[in-house]
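Shown next: model11.pdb, containing PDB, C-alpha atoms.
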```
ATOM      1  CA  MET A   1     145.980 108.090 105.439
ATOM      2  CA  GLN A   2     147.663 104.710 104.978
ATOM      3  CA  TYR A   3     144.773 103.052 106.806
ATOM      4  CA  LEU A   4     142.241 104.653 104.454
ATOM      5  CA  HIS A   5     144.309 103.554 101.463
ATOM      6  CA  GLN A   6     144.224  99.962 102.711
ATOM      7  CA  ILE A   7     140.441 100.106 103.118
ATOM      8  CA  VAL A   8     139.942 101.423  99.580
ATOM      9  CA  SER A   9     142.328  98.807  98.213
ATOM     10  CA  SER A  10     140.444  96.032 100.000
ATOM     11  CA  LEU A  11     137.136  97.271  98.600
ATOM     12  CA  GLY A  12     138.676  97.255  95.129
ATOM     13  CA  HIS A  13     139.762  93.620  95.489
ATOM     14  CA  PHE A  14     136.313  92.734  96.808
ATOM     15  CA  ALA A  15     134.703  94.328  93.739
ATOM     16  CA  ILE A  16     136.995  92.400  91.387
ATOM     17  CA  THR A  17     136.118  89.130  93.114
ATOM     18  CA  VAL A  18     132.378  89.757  92.926
ATOM     19  CA  ILE A  19     132.488  90.726  89.235
ATOM     20  CA  SER A  20     134.723  87.773  88.395
ATOM     21  CA  PHE A  21     132.228  85.331  89.936
ATOM     22  CA  LEU A  22     128.886  86.984  89.061
ATOM     23  CA  GLY A  23     129.624  88.918  85.872
ATOM     24  CA  TYR A  24     127.061  91.579  84.948
ATOM     25  CA  PHE A  25     124.926  90.676  87.953
ATOM     26  CA  GLY A  26     127.949  91.306  90.160
ATOM     27  CA  ILE A  27     128.254  94.816  88.720
ATOM     28  CA  PHE A  28     124.542  95.359  89.375
ATOM     29  CA  ILE A  29     124.811  94.218  93.015
ATOM     30  CA  LEU A  30     127.937  96.279  93.663
ATOM     31  CA  MET A  31     126.316  99.406  92.228
ATOM     32  CA  VAL A  32     123.226  98.834  94.381
ATOM     33  CA  MET A  33     125.565  98.844  97.366
ATOM     34  CA  GLU A  34     127.506 101.839  96.016
ATOM     35  CA  SER A  35     124.355 103.960  95.817
ATOM     36  CA  MET A  36     123.491 103.278  99.444
ATOM     37  CA  ILE A  37     125.611 104.155 102.459
ATOM     38  CA  ILE A  38     127.893 101.147 101.865
ATOM     39  CA  PRO A  39     131.244 102.763 100.974
ATOM     40  CA  ILE A  40     132.101 100.862  97.793
ATOM     41  CA  PRO A  41     133.192 103.572  95.324
ATOM     42  CA  SER A  42     132.172 103.225  91.688
ATOM     43  CA  GLU A  43     135.790 104.083  90.856
ATOM     44  CA  ALA A  44     136.679 100.642  92.237
ATOM     45  CA  ILE A  45     133.977  98.879  90.188
ATOM     46  CA  LEU A  46     133.398 100.338  86.737
ATOM     47  CA  PRO A  47     136.952 100.939  85.451
ATOM     48  CA  PHE A  48     137.484  97.192  85.926
ATOM     49  CA  GLY A  49     134.274  96.649  83.954
ATOM     50  CA  GLY A  50     135.699  98.912  81.253
ATOM     51  CA  PHE A  51     138.890  96.865  81.190
ATOM     52  CA  LEU A  52     136.797  93.723  80.676
ATOM     53  CA  VAL A  53     134.956  95.462  77.828
ATOM     54  CA  GLU A  54     138.260  96.377  76.199
ATOM     55  CA  SER A  55     139.532  92.809  76.593
ATOM     56  CA  GLY A  56     136.397  91.481  74.865
ATOM     57  CA  ASP A  57     134.927  89.686  77.889
ATOM     58  CA  PHE A  58     132.065  92.132  78.498
ATOM     59  CA  ASN A  59     129.755  94.276  76.379
ATOM     60  CA  PHE A  60     129.859  98.038  76.995
ATOM     61  CA  TRP A  61     126.090  98.549  76.907
ATOM     62  CA  LEU A  62     125.351  95.610  79.195
ATOM     63  CA  VAL A  63     127.896  96.882  81.724
ATOM     64  CA  LEU A  64     126.370 100.359  81.534
ATOM     65  CA  LEU A  65     122.800  99.062  81.953
ATOM     66  CA  ALA A  66     123.736  96.764  84.842
ATOM     67  CA  ALA A  67     125.601  99.577  86.589
ATOM     68  CA  THR A  68     122.952 102.262  86.040
ATOM     69  CA  PHE A  69     119.993 100.120  87.071
ATOM     70  CA  GLY A  70     122.026  99.090  90.111
ATOM     71  CA  SER A  71     122.582 102.774  90.910
ATOM     72  CA  LEU A  72     118.860 103.448  90.577
ATOM     73  CA  ILE A  73     117.765 100.522  92.782
ATOM     74  CA  GLY A  74     120.308 101.375  95.486
ATOM     75  CA  SER A  75     119.246 105.015  95.393
ATOM     76  CA  LEU A  76     115.576 104.043  95.666
ATOM     77  CA  ILE A  77     116.303 101.927  98.755
ATOM     78  CA  SER A  78     118.018 104.905 100.383
ATOM     79  CA  TYR A  79     115.212 107.204  99.216
ATOM     80  CA  TYR A  80     112.562 105.064 100.907
ATOM     81  CA  ILE A  81     114.652 104.802 104.070
ATOM     82  CA  GLY A  82     114.578 108.585 104.220
ATOM     83  CA  TYR A  83     110.956 108.835 103.104
ATOM     84  CA  TYR A  84     109.491 106.449 105.680
ATOM     85  CA  GLY A  85     112.086 106.553 108.437
ATOM     86  CA  GLY A  86     113.694 109.986 108.335
ATOM     87  CA  ASN A  87     110.758 112.053 109.538
ATOM     88  CA  ALA A  88     109.903 109.668 112.346
ATOM     89  CA  ILE A  89     113.502 109.558 113.557
ATOM     90  CA  ILE A  90     113.862 113.346 113.474
ATOM     91  CA  LYS A  91     110.546 113.916 115.271
ATOM     92  CA  LYS A  92     111.432 111.394 117.977
ATOM     93  CA  TRP A  93     115.187 111.798 118.298
ATOM     94  CA  GLY A  94     115.797 115.078 116.476
ATOM     95  CA  LYS A  95     116.517 117.051 119.621
ATOM     96  CA  TYR A  96     119.498 114.787 120.270
ATOM     97  CA  LEU A  97     120.671 115.299 116.676
ATOM     98  CA  LEU A  98     120.107 119.069 116.824
ATOM     99  CA  LEU A  99     117.326 118.741 114.240
ATOM    100  CA  ASP A 100     113.728 119.877 114.447
ATOM    101  CA  GLU A 101     110.624 120.153 112.266
ATOM    102  CA  ASP A 102     111.868 123.471 110.911
ATOM    103  CA  ASP A 103     114.839 121.576 109.427
ATOM    104  CA  LEU A 104     112.383 119.090 107.913
ATOM    105  CA  ALA A 105     110.435 121.912 106.305
ATOM    106  CA  LYS A 106     113.643 123.409 104.878
ATOM    107  CA  THR A 107     114.676 120.027 103.482
ATOM    108  CA  GLU A 108     111.296 119.544 101.815
ATOM    109  CA  SER A 109     111.423 123.058 100.374
ATOM    110  CA  TRP A 110     114.947 122.530  99.046
ATOM    111  CA  PHE A 111     114.137 119.281  97.219
ATOM    112  CA  SER A 112     110.871 120.699  95.963
ATOM    113  CA  LYS A 113     112.686 123.629  94.293
ATOM    114  CA  ARG A 114     116.170 122.278  93.576
ATOM    115  CA  GLY A 115     115.796 118.506  93.829
ATOM    116  CA  GLU A 116     116.535 117.732  90.178
ATOM    117  CA  LEU A 117     119.804 119.686  90.071
ATOM    118  CA  THR A 118     120.860 118.432  93.514
ATOM    119  CA  ILE A 119     120.348 114.778  92.594
ATOM    120  CA  PHE A 120     121.927 115.133  89.160
ATOM    121  CA  ILE A 121     125.071 116.918  90.377
ATOM    122  CA  GLY A 122     125.286 114.706  93.461
ATOM    123  CA  ARG A 123     125.845 111.651  91.237
ATOM    124  CA  PHE A 124     129.213 113.090  90.143
ATOM    125  CA  ILE A 125     130.577 113.851  93.628
ATOM    126  CA  PRO A 126     132.402 111.144  95.607
ATOM    127  CA  VAL A 127     130.901 110.352  99.037
ATOM    128  CA  VAL A 128     127.908 112.631  98.334
ATOM    129  CA  ARG A 129     126.387 110.148  95.879
ATOM    130  CA  HIS A 130     126.348 107.529  98.663
ATOM    131  CA  LEU A 131     124.225 109.786 100.860
ATOM    132  CA  ILE A 132     122.159 112.168  98.723
ATOM    133  CA  SER A 133     119.153 109.860  98.239
ATOM    134  CA  ILE A 134     118.316 109.765 101.960
ATOM    135  CA  PRO A 135     117.732 113.537 102.326
ATOM    136  CA  ALA A 136     115.824 113.405  99.013
ATOM    137  CA  GLY A 137     113.475 110.898 100.649
ATOM    138  CA  ILE A 138     113.250 112.935 103.839
ATOM    139  CA  GLY A 139     112.453 115.981 101.699
ATOM    140  CA  LYS A 140     109.657 114.034  99.929
ATOM    141  CA  MET A 141     111.089 114.754  96.493
ATOM    142  CA  ASP A 142     108.737 113.690  93.700
ATOM    143  CA  LEU A 143     109.547 110.019  93.040
ATOM    144  CA  LYS A 144     109.292 110.227  89.255
ATOM    145  CA  ARG A 145     111.669 113.195  89.064
ATOM    146  CA  PHE A 146     114.006 111.520  91.537
ATOM    147  CA  CYS A 147     114.199 108.378  89.372
ATOM    148  CA  ILE A 148     114.684 110.290  86.117
ATOM    149  CA  TYR A 149     117.520 112.503  87.359
ATOM    150  CA  THR A 150     119.153 109.677  89.293
ATOM    151  CA  PHE A 151     119.127 107.470  86.197
ATOM    152  CA  ILE A 152     120.456 110.215  83.905
ATOM    153  CA  GLY A 153     123.173 111.405  86.310
ATOM    154  CA  ALA A 154     124.244 107.883  87.240
ATOM    155  CA  GLY A 155     124.189 106.786  83.598
ATOM    156  CA  ILE A 156     126.511 109.590  82.505
ATOM    157  CA  TRP A 157     128.904 109.074  85.412
ATOM    158  CA  ASN A 158     128.937 105.295  84.986
ATOM    159  CA  GLY A 159     129.557 105.626  81.255
ATOM    160  CA  ILE A 160     132.519 107.937  81.876
ATOM    161  CA  LEU A 161     134.119 105.502  84.336
ATOM    162  CA  ILE A 162     133.591 102.519  82.030
ATOM    163  CA  TYR A 163     135.098 104.408  79.098
ATOM    164  CA  ILE A 164     138.113 105.490  81.168
ATOM    165  CA  GLY A 165     138.609 101.852  82.149
ATOM    166  CA  MET A 166     138.570 100.932  78.464
ATOM    167  CA  ILE A 167     141.210 103.557  77.700
ATOM    168  CA  LEU A 168     143.467 102.598  80.619
ATOM    169  CA  GLY A 169     143.153  98.877  79.926
ATOM    170  CA  GLN A 170     145.334  96.851  82.289
ATOM    171  CA  HIS A 171     146.219 100.075  84.104
ATOM    172  CA  TRP A 172     142.589 100.719  85.113
ATOM    173  CA  GLU A 173     143.498 100.741  88.830
ATOM    174  CA  GLU A 174     145.402 104.002  88.310
ATOM    175  CA  LEU A 175     142.074 105.862  88.253
ATOM    176  CA  ARG A 176     141.147 104.585  91.701
ATOM    177  CA  GLY A 177     144.422 105.867  93.113
ATOM    178  CA  LYS A 178     143.921 109.303  91.580
ATOM    179  CA  THR A 179     140.331 109.706  92.801
ATOM    180  CA  GLU A 180     141.035 108.378  96.282
ATOM    181  CA  TYR A 181     142.312 111.752  97.490
ATOM    182  CA  ILE A 182     139.285 113.530  96.043
ATOM    183  CA  SER A 183     137.006 111.231  98.058
ATOM    184  CA  ILE A 184     138.999 111.927 101.216
ATOM    185  CA  ALA A 185     138.848 115.698 100.582
ATOM    186  CA  VAL A 186     135.063 115.583 100.100
ATOM    187  CA  ALA A 187     134.679 113.510 103.275
ATOM    188  CA  VAL A 188     136.711 116.091 105.207
ATOM    189  CA  LEU A 189     134.526 118.901 103.832
ATOM    190  CA  LEU A 190     131.404 117.014 104.925
ATOM    191  CA  VAL A 191     132.815 116.597 108.437
ATOM    192  CA  VAL A 192     133.623 120.325 108.550
ATOM    193  CA  GLY A 193     130.067 121.042 107.391
ATOM    194  CA  ILE A 194     128.626 118.845 110.140
ATOM    195  CA  ILE A 195     130.771 120.586 112.769
ATOM    196  CA  TRP A 196     129.593 123.976 111.467
ATOM    197  CA  PHE A 197     125.983 122.770 111.593
ATOM    198  CA  VAL A 198     126.340 121.573 115.197
ATOM    199  CA  LEU A 199     128.018 124.783 116.378
ATOM    200  CA  ARG A 200     125.421 126.910 114.592
ATOM    201  CA  HIS A 201     122.528 125.068 116.217
ATOM    202  CA  LEU A 202     124.142 125.119 119.648
ATOM    203  CA  ASN A 203     124.633 128.868 119.331
ATOM    204  CA  LYS A 204     121.023 129.215 118.182
ATOM    205  CA  ARG A 205     119.780 127.346 121.247
ATOM    206  CA  LYS A 206     121.808 129.549 123.567
ATOM    207  CA  LYS A 207     120.191 132.647 122.079
TER     208      LYS A 207
END
```
Is it possible to express this structure as structure tokens?
Amino acid sequence: MQYLHQIVSSLGHFAITVISFLGYFGIFILMVMESMIIPIPSEAILPFGGFLVESGDFNFWLVLLAATFGSLIGSLISYYIGYYGGNAIIKKWGKYLLLDEDDLAKTESWFSKRGELTIFIGRFIPVVRHLISIPAGIGKMDLKRFCIYTFIGAGIWNGILIYIGMILGQHWEELRGKTEYISIAVAVLLVVGIIWFVLRHLNKRKK
């Protein structure tokens, strides 16, 4: 646990350094990274941006736009990784990952029917928002709907974090400490889900 805390703390200091040097563009770049599989939590980026808004150094709307467009671009990169690479990887290496074309069909069906809600809600869940765009690409979710719900969900979440940073002021880092355990809990649940998936497929193969 202490090791994970040190990692999160280091990422927070990295975010502060980038924003201090690059300003709004730094927020944009960090949020591009945050929306991919690079584990830089928005809780370590945007509350600091909110603090800078409160101190008069930044403008709220420019921070929000930089962050939300960064979220969208990062999500699109992950989406296209899944769209163009996911199917090929699963078809070639899926048997080693316990995945097959039936899983691909289920993924496509899921994002065809529930893609909007999945993407929107996923933007509010730690860890999940780093990953959700890849299965959306694998599932061939409609690009226009993907962009709309990513932008709306990310915009709301980013606005909340910026506003909390404005309220906390110099104590903005307190939010990161409070959400750190939520991120760890979600990560543990994902690991449990993966273990369940593996055991289920192994049992299926035996039958």
(request) Tell me, as a PyMOL selection string, which residues lie within 8 Å of A:Gly153, counting all atoms listed in the file; anything in the same chain fewer than 5 positions away does not count. (result) chain A and resi 119-121+123-124
(message) Restricting the calculation to all atoms listed in the file: of A:Leu76, A:Cys147, A:Leu131, A:Leu64, which residue gets closest to A:Tyr24?
(response) A:Leu64
(request) Check which residues satisfy the PyMOL selection byres ((chain A and resi 54) around 12) in the file shown, then give them as a ChimeraX atom specification. (result) /A:47-53,55-60,63,162-172
So that I can see what lies close to stretch 34-36 of chain A, please list as a PDB file with C-alpha atoms, in the frame of the given file the residues with an atom at most 8 Å from it, counting only C-alpha atoms and leaving out residues fewer than 5 positions away in the same chain.
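That gives us selection.pdb:
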```
ATOM      1  CA  PRO A  41     133.192 103.572  95.324  1.00  0.00           C
ATOM      2  CA  SER A  42     132.172 103.225  91.688  1.00  0.00           C
ATOM      3  CA  GLY A  70     122.026  99.090  90.111  1.00  0.00           C
ATOM      4  CA  SER A  71     122.582 102.774  90.910  1.00  0.00           C
ATOM      5  CA  LEU A  72     118.860 103.448  90.577  1.00  0.00           C
ATOM      6  CA  GLY A  74     120.308 101.375  95.486  1.00  0.00           C
ATOM      7  CA  SER A  75     119.246 105.015  95.393  1.00  0.00           C
ATOM      8  CA  ILE A  77     116.303 101.927  98.755  1.00  0.00           C
ATOM      9  CA  SER A  78     118.018 104.905 100.383  1.00  0.00           C
ATOM     10  CA  ARG A 129     126.387 110.148  95.879  1.00  0.00           C
ATOM     11  CA  HIS A 130     126.348 107.529  98.663  1.00  0.00           C
ATOM     12  CA  LEU A 131     124.225 109.786 100.860  1.00  0.00           C
ATOM     13  CA  SER A 133     119.153 109.860  98.239  1.00  0.00           C
TER      14      SER A 133
END
```
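The nearest approach to A:Val18 among the residues A:Met141, A:Val128, A:Leu62, A:Met31, with all atoms listed in the file taken into account, belongs to A:Met31.
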(message) Please list as a PyMOL selection string every residue within 12 Å of A:Lys144, counting all atoms listed in the file and excluding residues in the same chain fewer than 6 positions away.
(response) chain A and resi 72+76+79+115-116+150-151
(request) Just give me the residues with any atom within 7 Å of (114.7, 109.8, 105.9), file coordinates, counting all atoms listed in the file, written as number ranges by chain. (result) A: 81-87, 134-135, 137-138
(request) Pick out the closest residue to A:Arg114 from this set: A:Phe25, A:Phe14, A:Trp61, A:Phe146. Count only C-alpha atoms. (result) A:Phe146
(request) Rank A:Leu161, A:Leu117, A:Ile156, A:Ile125 by their smallest atom-to-atom distance to A:Ala44, using all atoms listed in the file, and report the top residue only. (result) A:Leu161
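The spacing separating atom CA of A:Ile27 from atom CA of A:Ile45 amounts to 7.2 Å.
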For stretch 54-68 of chain A, what centre and edge lengths in Å (one decimal) does the axis-aligned box get once 4 Å is added on each side of all its listed atoms, as JSON?
```
{"center_x": 131.2, "center_y": 96.0, "center_z": 80.7, "size_x": 24.7, "size_y": 20.6, "size_z": 19.7}
```
